[in-house]
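Colleague: Got a structure for you, query.cif, holding mmCIF, C-alpha atoms.
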```
data_data
loop_
_atom_site.label_atom_id
_atom_site.label_comp_id
_atom_site.auth_asym_id
_atom_site.auth_seq_id
_atom_site.Cartn_x
_atom_site.Cartn_y
_atom_site.Cartn_z
CA MET A 1 193.89 179.90 93.92
CA ILE A 2 190.52 178.15 93.87
CA GLU A 3 189.75 175.71 96.67
CA TYR A 4 187.25 172.99 95.95
CA ARG A 5 184.72 171.90 98.54
CA ILE A 6 183.48 168.38 98.06
CA ASP A 7 180.13 167.38 99.50
CA ARG A 8 179.96 163.60 99.46
CA ARG A 9 176.27 163.51 100.31
CA SER A 10 175.06 165.97 97.72
CA GLY A 11 174.19 163.30 95.17
CA VAL A 12 176.16 165.26 92.55
CA ALA A 13 179.09 163.29 91.13
CA THR A 14 182.36 164.47 92.64
CA TYR A 15 183.94 165.40 89.31
CA GLN A 16 180.81 167.40 88.47
CA GLN A 17 181.19 169.36 91.70
CA ILE A 18 184.69 170.35 90.62
CA VAL A 19 183.45 171.32 87.15
CA GLN A 20 180.58 173.38 88.60
CA GLN A 21 182.71 175.14 91.19
CA THR A 22 185.28 176.03 88.54
CA LYS A 23 182.57 177.46 86.28
CA GLN A 24 181.08 179.37 89.18
CA ALA A 25 184.50 180.91 89.90
CA LEU A 26 184.83 181.79 86.20
CA ARG A 27 181.42 183.47 86.20
CA LEU A 28 182.22 185.48 89.30
CA GLY A 29 185.61 186.48 87.95
CA LEU A 30 187.42 184.72 90.80
CA LEU A 31 189.26 182.80 88.10
CA GLN A 32 190.47 184.63 85.02
CA PRO A 33 192.27 183.68 81.82
CA GLY A 34 195.87 182.83 82.60
CA ASP A 35 195.15 181.71 86.17
CA LYS A 36 196.48 178.33 87.18
CA LEU A 37 194.22 175.63 88.57
CA PRO A 38 195.57 173.65 91.53
CA THR A 39 197.43 170.47 90.62
CA ALA A 40 195.70 167.11 91.07
CA ARG A 41 197.97 166.51 94.05
CA GLU A 42 196.97 169.77 95.71
CA VAL A 43 193.28 169.06 95.22
CA VAL A 44 193.38 165.48 96.51
CA GLU A 45 195.53 166.38 99.51
CA ALA A 46 192.94 168.94 100.56
CA THR A 47 189.83 166.90 99.73
CA ALA A 48 190.94 163.25 100.12
CA ILE A 49 189.32 162.20 96.85
CA ASN A 50 190.67 159.94 94.13
CA PRO A 51 193.14 161.68 91.77
CA ASN A 52 191.35 160.32 88.69
CA THR A 53 188.28 162.32 89.69
CA VAL A 54 190.21 165.59 89.49
CA LEU A 55 191.75 164.65 86.14
CA LYS A 56 188.31 163.73 84.80
CA ALA A 57 186.94 167.13 85.85
CA TYR A 58 189.88 168.94 84.27
CA ARG A 59 189.45 166.97 81.05
CA GLU A 60 185.80 167.99 80.96
CA LEU A 61 186.74 171.66 81.43
CA GLU A 62 189.35 171.27 78.71
CA ARG A 63 186.78 169.75 76.35
CA GLU A 64 184.61 172.81 76.88
CA GLY A 65 187.54 175.03 75.98
CA LEU A 66 187.68 176.64 79.41
CA VAL A 67 191.10 175.43 80.51
CA GLU A 68 194.25 174.22 78.86
CA PRO A 69 196.89 171.85 80.19
CA ARG A 70 200.47 172.99 79.64
CA PRO A 71 202.75 169.98 80.01
CA GLY A 72 205.09 170.32 82.96
CA LEU A 73 203.47 173.55 84.13
CA GLY A 74 199.90 172.74 85.05
CA THR A 75 196.38 173.53 83.93
CA PHE A 76 195.53 177.13 83.05
CA VAL A 77 192.31 179.03 82.51
CA GLN A 78 191.73 179.67 78.82
CA ARG A 79 188.67 181.89 78.85
CA SER A 80 186.15 183.28 81.29
CA LEU A 81 182.44 182.57 81.48
CA GLY A 82 179.40 184.80 81.62
CA ASN A 83 178.43 187.45 79.11
CA ALA A 84 178.14 190.55 81.25
CA ASP A 85 181.04 192.94 80.87
CA ALA A 86 182.75 194.06 84.03
CA ALA A 87 181.19 197.56 84.02
CA GLY A 88 177.64 196.26 83.51
CA ASP A 89 178.27 193.67 86.18
CA ALA A 90 179.38 196.31 88.65
CA ALA A 91 176.29 198.43 87.99
CA LEU A 92 173.95 195.48 88.52
CA ARG A 93 175.81 194.50 91.63
CA ALA A 94 175.49 197.97 93.08
CA GLU A 95 171.74 198.01 92.38
CA LEU A 96 171.35 194.61 93.97
CA ALA A 97 173.37 195.65 97.00
CA ALA A 98 171.12 198.70 97.44
CA TRP A 99 168.06 196.48 97.14
CA VAL A 100 169.41 194.04 99.72
CA ASP A 101 170.03 196.99 102.07
CA ARG A 102 166.37 198.03 101.67
CA ALA A 103 165.22 194.45 102.25
CA PHE A 104 167.15 194.25 105.51
CA ALA A 105 165.89 197.70 106.48
CA VAL A 106 162.28 196.51 106.29
CA GLY A 107 163.10 193.47 108.43
CA LEU A 108 163.88 190.65 106.01
CA ASP A 109 166.71 188.31 106.93
CA ARG A 110 169.15 186.38 104.78
CA GLU A 111 166.83 183.42 104.30
CA ASP A 112 163.89 185.68 103.39
CA VAL A 113 166.02 187.42 100.78
CA THR A 114 167.21 184.11 99.34
CA ALA A 115 163.65 182.76 99.25
CA LEU A 116 162.40 185.93 97.59
CA THR A 117 165.07 186.01 94.88
CA THR A 118 164.56 182.31 94.20
CA ALA A 119 160.82 182.85 93.90
CA VAL A 120 161.29 185.75 91.47
CA LEU A 121 163.77 183.76 89.39
CA ASP A 122 161.41 180.78 89.32
CA ALA A 123 158.48 182.94 88.30
CA ARG A 124 160.52 184.49 85.53
CA GLU A 125 161.63 181.12 84.31
CA GLN A 126 158.01 179.97 84.14
CA ARG A 127 157.02 183.09 82.29
CA THR A 128 159.73 182.71 79.66
CA SER A 129 159.15 179.01 79.15
CA ALA A 130 155.35 179.39 78.75
CA PRO A 131 154.68 179.55 75.00
CA ALA A 132 151.37 181.44 75.40
CA ASP A 133 153.16 184.46 76.82
CA GLN A 134 153.46 187.57 74.68
CA ALA A 135 156.46 187.46 72.42
CA GLY A 136 159.51 189.47 73.35
CA GLY A 137 158.56 189.49 77.01
CA GLY A 138 162.04 188.77 78.19
CA ARG A 139 163.29 185.95 76.06
CA GLU A 140 166.63 184.70 77.13
CA GLY A 141 167.76 183.72 73.68
CA ALA A 142 170.99 181.91 72.99
CA ARG A 143 173.84 183.33 74.95
CA MET B 1 202.27 166.78 87.10
CA ASN B 2 203.61 163.26 87.12
CA GLY B 3 200.20 162.10 88.12
CA GLU B 4 198.61 162.79 84.74
CA ALA B 5 199.04 159.26 83.48
CA ARG B 6 196.58 157.38 85.60
CA VAL B 7 194.89 154.03 85.43
CA GLY B 8 192.23 153.59 82.82
CA ASP B 9 193.05 156.83 81.00
CA GLU B 10 193.89 155.48 77.60
CA GLY B 11 192.50 151.99 77.75
CA THR B 12 195.96 150.47 77.84
CA THR B 13 196.59 147.58 80.17
CA PRO B 14 199.13 148.72 82.72
CA GLU B 15 201.40 146.28 84.46
CA ALA B 16 199.72 144.56 87.38
CA ALA B 17 201.06 145.96 90.64
CA PHE B 18 199.42 143.33 92.80
CA ALA B 19 198.26 140.03 91.34
CA ALA B 20 197.41 136.51 92.41
CA ASN B 21 196.57 133.26 90.74
CA GLY B 22 195.28 130.14 92.44
CA LEU B 23 196.42 131.77 95.65
CA GLY B 24 195.71 129.89 98.87
CA ARG B 25 196.94 130.01 102.42
CA ARG B 26 196.17 127.43 105.10
CA TYR B 27 196.61 127.80 108.85
CA ARG B 28 196.76 124.28 110.28
CA ARG B 29 193.61 122.75 108.83
CA ARG B 30 191.73 125.92 107.99
CA TRP B 31 192.05 127.67 104.63
CA ALA B 32 192.15 131.43 105.25
CA LEU B 33 192.33 132.06 101.51
CA ARG B 34 191.60 129.67 98.73
CA ASP B 35 191.94 129.82 94.95
CA CYS B 36 192.15 133.61 94.70
CA ALA B 37 192.87 135.24 91.35
CA PHE B 38 192.99 138.98 90.61
CA ALA B 39 195.19 141.64 89.09
CA ILE B 40 195.28 145.20 90.40
CA PRO B 41 196.93 147.58 87.92
CA ALA B 42 199.77 149.92 88.85
CA GLY B 43 198.54 153.30 90.07
CA ALA B 44 195.22 151.96 91.31
CA VAL B 45 193.69 152.96 94.61
CA CYS B 46 192.08 149.69 95.60
CA GLY B 47 189.68 149.06 98.45
CA LEU B 48 190.00 145.62 100.04
CA VAL B 49 186.75 144.88 101.82
CA GLY B 50 185.15 141.92 103.50
CA PRO B 51 183.74 140.86 106.87
CA ASN B 52 185.95 140.08 109.86
CA GLY B 53 187.94 136.92 109.31
CA SER B 54 187.38 136.94 105.56
CA GLY B 55 191.07 136.75 104.68
CA LYS B 56 191.89 140.44 104.10
CA SER B 57 194.84 140.52 106.48
CA THR B 58 196.17 137.21 105.21
CA LEU B 59 196.06 138.54 101.66
CA LEU B 60 197.95 141.70 102.64
CA THR B 61 200.63 139.83 104.60
CA LEU B 62 201.13 137.54 101.60
CA GLY B 63 201.47 140.64 99.41
CA ALA B 64 203.98 142.12 101.85
CA GLY B 65 205.97 138.87 101.86
CA LEU B 66 205.60 138.31 105.59
CA ARG B 67 204.02 134.92 104.86
CA GLN B 68 204.30 132.58 101.91
CA PRO B 69 201.37 131.00 100.07
CA THR B 70 200.35 127.41 100.71
CA ALA B 71 199.09 127.18 97.12
CA GLY B 72 199.29 129.28 93.98
CA GLU B 73 201.17 132.52 93.57
CA VAL B 74 201.15 136.15 94.56
CA ARG B 75 203.09 138.80 92.64
CA VAL B 76 203.94 142.44 93.20
CA HIS B 77 205.12 144.08 90.00
CA GLY B 78 205.82 140.58 88.69
CA LEU B 79 208.11 139.70 91.61
CA ARG B 80 207.65 137.34 94.56
CA PRO B 81 207.12 139.16 97.86
CA GLY B 82 209.48 137.94 100.57
CA LEU B 83 211.61 135.98 98.11
CA ASP B 84 212.85 138.53 95.58
CA PRO B 85 215.00 140.91 97.65
CA GLU B 86 214.76 143.83 95.18
CA LEU B 87 211.06 144.03 95.99
CA ARG B 88 211.63 144.90 99.64
CA GLU B 89 212.13 148.64 99.18
CA ARG B 90 209.22 148.86 96.74
CA ILE B 91 206.52 147.71 99.18
CA GLY B 92 205.21 149.69 102.12
CA PHE B 93 203.09 147.74 104.58
CA VAL B 94 201.17 148.92 107.60
CA ALA B 95 199.93 145.95 109.61
CA GLN B 96 196.80 146.14 111.69
CA ASP B 97 198.70 146.09 115.00
CA LYS B 98 201.29 148.65 113.74
CA PRO B 99 204.43 147.08 115.18
CA LEU B 100 206.97 149.76 116.16
CA TYR B 101 209.80 149.89 118.68
CA PRO B 102 208.18 151.38 121.81
CA ARG B 103 211.47 152.55 123.30
CA LEU B 104 212.48 154.64 120.30
CA THR B 105 211.38 158.26 120.08
CA VAL B 106 209.41 159.48 117.07
CA ALA B 107 212.55 161.12 115.64
CA GLU B 108 214.60 157.95 116.18
CA THR B 109 211.92 155.90 114.47
CA LEU B 110 212.10 158.16 111.42
CA ARG B 111 215.92 158.00 111.44
CA PHE B 112 215.60 154.23 111.48
CA GLY B 113 213.38 154.48 108.40
CA ARG B 114 215.87 156.76 106.68
CA GLU B 115 218.79 154.41 107.29
CA LEU B 116 216.94 151.34 106.06
CA ASN B 117 215.39 152.85 102.96
CA PRO B 118 217.40 154.21 100.04
CA ARG B 119 214.47 156.20 98.65
CA TRP B 120 213.55 157.75 102.01
CA ASP B 121 211.55 161.00 101.86
CA GLN B 122 212.26 162.72 105.17
CA GLU B 123 210.19 165.78 104.33
CA LEU B 124 207.08 163.70 103.71
CA ALA B 125 207.59 161.56 106.83
CA LEU B 126 208.08 164.67 108.97
CA GLN B 127 205.04 166.31 107.44
CA VAL B 128 202.85 163.33 108.38
CA VAL B 129 204.14 163.35 111.95
CA GLN B 130 203.96 167.11 112.42
CA GLN B 131 200.49 167.35 110.94
CA GLY B 132 199.40 165.31 113.97
CA ARG B 133 201.41 167.57 116.30
CA LEU B 134 203.44 164.65 117.58
CA PRO B 135 206.48 165.77 119.58
CA LEU B 136 209.56 164.26 117.95
CA THR B 137 211.15 163.54 121.32
CA THR B 138 208.31 161.40 122.67
CA ARG B 139 208.85 157.67 122.93
CA VAL B 140 206.60 155.65 120.64
CA GLY B 141 205.46 153.57 123.62
CA GLU B 142 203.95 156.66 125.24
CA LEU B 143 201.83 157.59 122.22
CA SER B 144 198.13 156.84 121.88
CA GLY B 145 196.93 154.19 119.44
CA GLY B 146 195.96 156.77 116.84
CA GLN B 147 199.28 158.59 117.21
CA ARG B 148 201.18 155.32 116.73
CA THR B 149 199.15 154.75 113.58
CA ARG B 150 200.37 158.12 112.34
CA VAL B 151 204.00 157.16 112.98
CA ALA B 152 203.48 153.81 111.21
CA LEU B 153 201.97 155.61 108.21
CA ALA B 154 204.82 158.15 108.24
CA LEU B 155 207.29 155.25 108.04
CA ALA B 156 205.38 153.55 105.21
CA LEU B 157 204.92 156.78 103.23
CA GLY B 158 208.47 158.02 103.84
CA LYS B 159 209.74 154.84 102.25
CA ARG B 160 208.26 156.08 98.97
CA PRO B 161 207.19 152.59 97.90
CA ASP B 162 205.60 151.69 94.58
CA VAL B 163 202.92 149.72 96.38
CA LEU B 164 201.36 150.60 99.73
CA LEU B 165 199.51 147.79 101.50
CA LEU B 166 197.49 149.17 104.41
CA ASP B 167 195.56 146.93 106.79
CA GLU B 168 192.73 148.97 108.32
CA PRO B 169 194.98 152.00 108.71
CA MET B 170 192.22 154.45 109.64
CA SER B 171 190.31 152.51 112.29
CA ASP B 172 191.75 154.26 115.36
CA LEU B 173 192.16 157.75 113.90
CA ASP B 174 190.04 160.80 114.67
CA PRO B 175 188.03 162.25 111.74
CA LEU B 176 190.48 165.09 111.05
CA SER B 177 193.48 162.74 111.00
CA ARG B 178 191.59 160.39 108.72
CA HIS B 179 190.90 163.16 106.29
CA GLN B 180 194.49 164.45 106.43
CA LEU B 181 196.08 161.05 105.98
CA MET B 182 193.70 159.96 103.25
CA GLY B 183 194.56 163.24 101.52
CA THR B 184 198.29 162.53 101.88
CA LEU B 185 197.79 159.02 100.48
CA MET B 186 195.86 160.38 97.50
CA GLY B 187 198.55 163.02 96.99
CA GLN B 188 201.20 160.31 96.72
CA ALA B 189 199.01 158.39 94.28
CA ALA B 190 198.61 161.56 92.19
CA GLU B 191 202.26 162.60 92.28
CA HIS B 192 204.09 159.29 92.03
CA GLY B 193 201.44 156.90 90.73
CA THR B 194 201.75 154.90 93.95
CA THR B 195 199.47 151.86 94.04
CA VAL B 196 197.43 151.86 97.25
CA VAL B 197 195.61 148.81 98.58
CA ILE B 198 193.62 149.72 101.66
CA SER B 199 191.54 147.33 103.71
CA THR B 200 188.63 148.52 105.79
CA HIS B 201 185.20 147.54 106.91
CA ILE B 202 184.06 151.13 107.14
CA LEU B 203 182.48 151.20 103.70
CA SER B 204 181.68 154.90 103.69
CA GLU B 205 185.39 155.62 104.06
CA LEU B 206 185.99 154.31 100.54
CA ASP B 207 183.42 156.30 98.64
CA GLY B 208 185.08 158.75 96.29
CA VAL B 209 188.50 157.47 97.30
CA ILE B 210 188.99 154.12 95.58
CA ASP B 211 188.94 153.34 91.88
CA HIS B 212 189.34 149.57 92.22
CA LEU B 213 187.61 147.08 94.43
CA LEU B 214 188.49 143.70 95.86
CA LEU B 215 185.78 142.02 97.92
CA VAL B 216 187.06 139.01 99.81
CA ASP B 217 184.64 136.85 101.72
CA GLY B 218 185.12 133.40 103.18
CA GLY B 219 188.65 133.29 101.79
CA GLN B 220 187.47 133.82 98.20
CA VAL B 221 187.44 136.77 95.80
CA ARG B 222 183.82 137.75 95.20
CA LEU B 223 184.25 141.08 93.40
CA ALA B 224 187.35 142.37 91.66
CA GLY B 225 187.74 145.18 89.17
CA PRO B 226 187.41 148.90 88.53
CA VAL B 227 184.69 150.43 90.71
CA GLU B 228 182.90 152.09 87.79
CA GLU B 229 182.85 148.85 85.86
CA ILE B 230 181.51 146.87 88.81
CA LEU B 231 178.83 149.44 89.66
CA GLY B 232 177.91 149.70 85.99
CA ALA B 233 177.33 145.95 85.79
CA HIS B 234 174.58 146.13 88.43
CA LEU B 235 171.10 147.57 88.72
CA LEU B 236 168.84 148.11 91.69
CA LEU B 237 165.27 147.29 90.69
CA ASP B 238 162.20 148.41 92.59
CA GLY B 239 158.72 147.30 91.69
CA ALA B 240 155.64 145.32 92.51
CA GLU B 241 155.60 141.71 93.66
CA GLY B 242 155.56 139.24 90.74
CA LEU B 243 157.45 141.27 88.12
CA PRO B 244 159.83 139.06 86.13
CA LEU B 245 163.52 139.06 87.05
CA GLU B 246 164.60 136.83 84.18
CA PRO B 247 166.98 136.79 82.39
CA HIS B 248 169.12 138.71 84.87
CA THR B 249 171.57 137.33 87.39
CA VAL B 250 169.78 137.95 90.67
CA LEU B 251 172.06 138.69 93.61
CA GLU B 252 169.60 139.72 96.26
CA VAL B 253 165.82 140.03 96.51
CA ARG B 254 164.22 141.87 99.37
CA HIS B 255 160.52 142.13 100.05
CA THR B 256 159.66 145.61 101.20
CA GLY B 257 156.04 145.81 102.29
CA ARG B 258 154.08 145.60 99.06
CA GLY B 259 157.06 145.84 96.78
CA VAL B 260 160.20 144.03 95.84
CA SER B 261 163.70 145.40 95.71
CA ALA B 262 166.30 143.41 93.83
CA LEU B 263 169.96 143.80 93.01
CA VAL B 264 170.72 142.20 89.64
CA ARG B 265 173.39 141.99 87.01
CA PRO B 266 171.25 142.80 83.97
CA ASP B 267 171.40 140.44 81.04
CA GLY B 268 169.03 141.97 78.52
CA PRO B 269 166.25 144.57 78.78
CA VAL B 270 164.58 145.20 82.13
CA ALA B 271 160.89 144.24 82.17
CA GLU B 272 158.22 146.95 82.11
CA GLY B 273 157.18 148.09 85.57
CA TRP B 274 160.56 148.04 87.30
CA ARG B 275 162.18 151.25 88.42
CA ALA B 276 165.89 150.79 87.76
CA GLU B 277 168.77 152.75 89.21
CA SER B 278 172.49 152.25 89.65
CA PRO B 279 173.51 151.15 93.13
CA ASP B 280 176.11 153.14 95.01
CA LEU B 281 179.21 151.46 96.38
CA GLU B 282 177.85 150.94 99.87
CA GLN B 283 174.52 149.50 98.66
CA LEU B 284 176.35 147.10 96.38
CA LEU B 285 178.81 145.90 99.01
CA LEU B 286 176.12 145.44 101.64
CA ALA B 287 174.00 143.40 99.22
CA TYR B 288 176.94 141.10 98.46
CA LEU B 289 177.82 140.74 102.13
CA ARG B 290 174.20 139.80 102.93
CA SER B 291 174.10 137.25 100.11
CA PRO B 292 177.05 134.89 100.41
CA GLU B 293 175.60 132.76 97.59
CA ALA B 294 175.58 135.59 95.03
CA ALA B 295 177.66 134.82 91.95
CA PRO B 296 181.13 136.39 91.99
CA LEU B 297 182.24 139.01 89.44
CA ASN B 298 185.89 139.38 88.61
CA THR B 299 186.73 141.66 85.70
CA THR B 300 190.48 141.64 86.33
CA VAL B 301 192.60 139.43 84.15
CA PRO B 302 196.22 138.90 85.08
CA SER B 303 198.20 140.89 82.54
CA THR B 304 200.90 138.25 82.51
CA PRO B 305 199.61 134.71 82.85
CA LEU B 306 200.84 133.23 86.08
CA GLU B 307 201.60 129.56 86.33
CA VAL B 308 199.59 127.86 88.99
CA ALA B 309 201.79 125.78 91.21
CA ALA B 310 201.04 122.14 90.60
#
```
Reformat the file's structure so that it appears as structure tokens.

Modeller:
Amino acid sequence: MIEYRIDRRSGVATYQQIVQQTKQALRLGLLQPGDKLPTAREVVEATAINPNTVLKAYRELEREGLVEPRPGLGTFVQRSLGNADAAGDAALRAELAAWVDRAFAVGLDREDVTALTTAVLDAREQRTSAPADQAGGGREGAR
Amino acid sequence: MNGEARVGDEGTTPEAAFAANGLGRRYRRRWALRDCAFAIPAGAVCGLVGPNGSGKSTLLTLGAGLRQPTAGEVRVHGLRPGLDPELRERIGFVAQDKPLYPRLTVAETLRFGRELNPRWDQELALQVVQQGRLPLTTRVGELSGGQRTRVALALALGKRPDVLLLDEPMSDLDPLSRHQLMGTLMGQAAEHGTTVVISTHILSELDGVIDHLLLVDGGQVRLAGPVEEILGAHLLLDGAEGLPLEPHTVLEVRHTGRGVSALVRPDGPVAEGWRAESPDLEQLLLAYLRSPEAAPLNTTVPSTPLEVAA
């Protein structure tokens, strides 16, 4: 079952942290349709936050069609997130793992790798958002 | 989950769990509380804050029925604390000095709680004690201050009250115990809709925990209401010297080098040039504590009109 980690100094509203962590788990396949979310009591006992905050986060997830409350039973995952199918995901993951191995082999450490991937992602974002760029050069499109 | 129906969900006005009208209490010639009015709804987690000697403990002992008002009225679920006997089992109170019988062991203390309280939850009381690794056979008098606090909270929680009144319960606890016990308190609020009123002067302890606020200062209520509503009624303005603050209610103005920083309750559009942001709970409380003259804000209305004693 998913465990939420609340960072009170992050500046992100607490209920948003729960929403984001749930979505992250859905994207990574750690939560799948039919899985049960922890009850409000379980979350607040572990995190010492106000119960209303958890309910607000769950309502938000419900509004987005991601989870569904079943009275008397709990809140259940309705659908997953992310558009890559499991096979494609696995292939990309394997390629990335091989790349990370090469990066470590040439002496990069974890922080270097993170900085590098962030830089590449940022550069790509800039490229796709710049209107002068050639058309079709990697448009994200609506997912 | 019983906890689904929480305060403020549907905009209905729930029954007030803890309310006062015209409430005053005098010790000899000094008024510790005077003319207090508020209504905290059932199921709320309410922070009771204020400087030392502001009347927090007096208010809680009046709520617990250990003292009676000199003026006005206090009500818990519509009943009179200390006078209506059916209220006794519905209120859990942890006083600041945590009075316990020092010669009883931890286990005997819990048995005492079980025999006195018809709704006793032994599992919960044991869980609170065992979480702190307290040996059940140790005498309460041999425990440390923080460990005694744990036993006092185990007694109050095991009682399964509708309203928990806690007077600075966390002040002598280590950080892990604080987190655990706050979690247990929130769990009870989620599961049973327990109303929790918790006094503290550690403001950071309340952030993310409370949904209602009661600021008592100089024996008077200065802020009362849902936290979101109170925060939403204020703005922190930053800007250059000389920018207009009208028509807002100004609570605090601070001169910061070349600029001005002001906490206001906006009343109309903010003038061009100000940078406006919402204060957080700690900023707001500190500003009110620094400015004793700032106008009070009380958004709670007693759900049942109380008659003020003549």

Colleague: Work out how far apart atom CA of B:Ala271 and atom CA of B:Val250 are and give it in Å to one decimal.

Modeller: 13.8 Å

Colleague: Excluding B:Ile202 and its own-chain neighbours fewer than 4 positions away, which residues fall within 12 Å of it when counting only C-alpha atoms? Please give them as JSON, numbers by chain.

Modeller: {"B": [47, 48, 49, 50, 51, 52, 168, 169, 170, 171, 172, 198, 206, 207, 281, 282, 285, 286]}

Colleague: Which residues of chain B are close to chain A, meaning at most 6 Å apart when you count only C-alpha atoms, and how do they look as a PyMOL selection string?

Modeller: chain B and resi 182-184+186-187+190+208-209

Colleague: Once the PyMOL selection byres ((chain B and resi 41-43) around 7) has been applied to the shown file, what residues remain in the selection, as a PDB file with C-alpha atoms, in the frame of the given file?

Modeller:
```pdb
ATOM      1  CA  ARG B   6     196.580 157.380  85.600  1.00  0.00           C
ATOM      2  CA  VAL B   7     194.890 154.030  85.430  1.00  0.00           C
ATOM      3  CA  PRO B  14     199.130 148.720  82.720  1.00  0.00           C
ATOM      4  CA  GLU B  15     201.400 146.280  84.460  1.00  0.00           C
ATOM      5  CA  ALA B  16     199.720 144.560  87.380  1.00  0.00           C
ATOM      6  CA  ALA B  17     201.060 145.960  90.640  1.00  0.00           C
ATOM      7  CA  PHE B  18     199.420 143.330  92.800  1.00  0.00           C
ATOM      8  CA  ALA B  39     195.190 141.640  89.090  1.00  0.00           C
ATOM      9  CA  ILE B  40     195.280 145.200  90.400  1.00  0.00           C
ATOM     10  CA  ALA B  44     195.220 151.960  91.310  1.00  0.00           C
ATOM     11  CA  VAL B  45     193.690 152.960  94.610  1.00  0.00           C
ATOM     12  CA  ALA B 189     199.010 158.390  94.280  1.00  0.00           C
ATOM     13  CA  GLY B 193     201.440 156.900  90.730  1.00  0.00           C
ATOM     14  CA  THR B 194     201.750 154.900  93.950  1.00  0.00           C
ATOM     15  CA  THR B 195     199.470 151.860  94.040  1.00  0.00           C
TER      16      THR B 195
END
```

Colleague: Tell me which residues come within 8 Å of (179.2, 184.6, 84.8), as a list in words, counting all atoms listed in the file in the file's coordinates.

Modeller: Gln24, Leu26, Arg27, Leu28, Gly29, Ser80, Leu81, Gly82, Asn83 and Ala84 of chain A

Colleague: State, in Å with one decimal place, the distance from atom CA of B:Val128 to atom CA of B:Glu86.

Modeller: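 Computing it gives 26.4 Å between the two atoms.
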
Colleague: Rank nothing, just name the residue among A:Thr118, A:Leu37, A:Glu3, A:Ala97 nearest to A:Glu62, using all atoms listed in the file.

Modeller: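 Of A:Thr118, A:Leu37, A:Glu3, A:Ala97, the one nearest A:Glu62, counting all atoms listed in the file, is A:Leu37.
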
Colleague: Tell me, in Å to one decimal, how far atom CA of B:Ser291 is from atom CA of B:His201.

Modeller: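 So the answer is 16.6 Å.
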
Colleague: With the file shown as input, list the residues that the PyMOL selection byres ((chain B and resi 56) around 12) selects, as an mmCIF file with C-alpha atoms, in the coordinates of the input.

Modeller:
```
data_model
loop_
_atom_site.group_PDB
_atom_site.id
_atom_site.type_symbol
_atom_site.label_atom_id
_atom_site.label_comp_id
_atom_site.auth_asym_id
_atom_site.auth_seq_id
_atom_site.Cartn_x
_atom_site.Cartn_y
_atom_site.Cartn_z
ATOM 1 C CA ARG B 25 196.940 130.010 102.420
ATOM 2 C CA ALA B 32 192.150 131.430 105.250
ATOM 3 C CA LEU B 33 192.330 132.060 101.510
ATOM 4 C CA CYS B 36 192.150 133.610 94.700
ATOM 5 C CA GLY B 47 189.680 149.060 98.450
ATOM 6 C CA LEU B 48 190.000 145.620 100.040
ATOM 7 C CA VAL B 49 186.750 144.880 101.820
ATOM 8 C CA GLY B 50 185.150 141.920 103.500
ATOM 9 C CA PRO B 51 183.740 140.860 106.870
ATOM 10 C CA ASN B 52 185.950 140.080 109.860
ATOM 11 C CA GLY B 53 187.940 136.920 109.310
ATOM 12 C CA SER B 54 187.380 136.940 105.560
ATOM 13 C CA GLY B 55 191.070 136.750 104.680
ATOM 14 C CA SER B 57 194.840 140.520 106.480
ATOM 15 C CA THR B 58 196.170 137.210 105.210
ATOM 16 C CA LEU B 59 196.060 138.540 101.660
ATOM 17 C CA LEU B 60 197.950 141.700 102.640
ATOM 18 C CA THR B 61 200.630 139.830 104.600
ATOM 19 C CA LEU B 62 201.130 137.540 101.600
ATOM 20 C CA GLY B 63 201.470 140.640 99.410
ATOM 21 C CA ALA B 95 199.930 145.950 109.610
ATOM 22 C CA GLN B 96 196.800 146.140 111.690
ATOM 23 C CA LEU B 165 199.510 147.790 101.500
ATOM 24 C CA LEU B 166 197.490 149.170 104.410
ATOM 25 C CA ASP B 167 195.560 146.930 106.790
ATOM 26 C CA GLU B 168 192.730 148.970 108.320
ATOM 27 C CA VAL B 197 195.610 148.810 98.580
ATOM 28 C CA ILE B 198 193.620 149.720 101.660
ATOM 29 C CA SER B 199 191.540 147.330 103.710
ATOM 30 C CA THR B 200 188.630 148.520 105.790
ATOM 31 C CA HIS B 201 185.200 147.540 106.910
ATOM 32 C CA LEU B 214 188.490 143.700 95.860
ATOM 33 C CA LEU B 215 185.780 142.020 97.920
ATOM 34 C CA VAL B 216 187.060 139.010 99.810
ATOM 35 C CA ASP B 217 184.640 136.850 101.720
ATOM 36 C CA GLY B 218 185.120 133.400 103.180
ATOM 37 C CA GLY B 219 188.650 133.290 101.790
ATOM 38 C CA GLN B 220 187.470 133.820 98.200
ATOM 39 C CA VAL B 221 187.440 136.770 95.800
#
```

Colleague: Could you give me, as a list of chain:residue names, the residues within 8 Å of B:Asn117, counting all atoms listed in the file and dropping anything in the same chain fewer than 4 positions from it?

Modeller: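 Skipping anything fewer than 4 positions along the chain leaves B:Glu89, B:Gly113, B:Lys159.
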
Colleague: If you apply the PyMOL selection byres ((chain B and resi 284) around 12) to this file, what residues do you get, as a ChimeraX atom specification?

Modeller: /B:49,203-204,207,213,215,223,227-228,230-236,251-252,262-265,277-283,285-291,294

Colleague: Neighbouring residues of B:Gly132 were defined as those with any atom within 10 Å, considering all atoms listed in the file; residues of the same chain fewer than 2 positions away were excluded. Please report them as number ranges by chain.

Modeller: B: 127-130, 134-135, 146-147, 150-151, 176-177, 180-181

Colleague: Please identify all polymer residues within 8 Å of stretch 64-68 of chain B, counting all atoms listed in the file, omitting same-chain residues fewer than 4 positions from it, and present them as a short mmCIF file (atom, residue, chain, number, x, y, z; two decimals) with C-alpha atoms, in the coordinates of the input.

Modeller:
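And here's around.cif as it stands now:
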```
data_model
loop_
_atom_site.label_atom_id
_atom_site.label_comp_id
_atom_site.auth_asym_id
_atom_site.auth_seq_id
_atom_site.Cartn_x
_atom_site.Cartn_y
_atom_site.Cartn_z
CA ARG B 25 196.94 130.01 102.42
CA LEU B 60 197.95 141.70 102.64
CA ARG B 80 207.65 137.34 94.56
CA PRO B 81 207.12 139.16 97.86
CA GLY B 82 209.48 137.94 100.57
CA LEU B 83 211.61 135.98 98.11
CA ILE B 91 206.52 147.71 99.18
CA GLY B 92 205.21 149.69 102.12
CA PHE B 93 203.09 147.74 104.58
CA LEU B 165 199.51 147.79 101.50
#
```
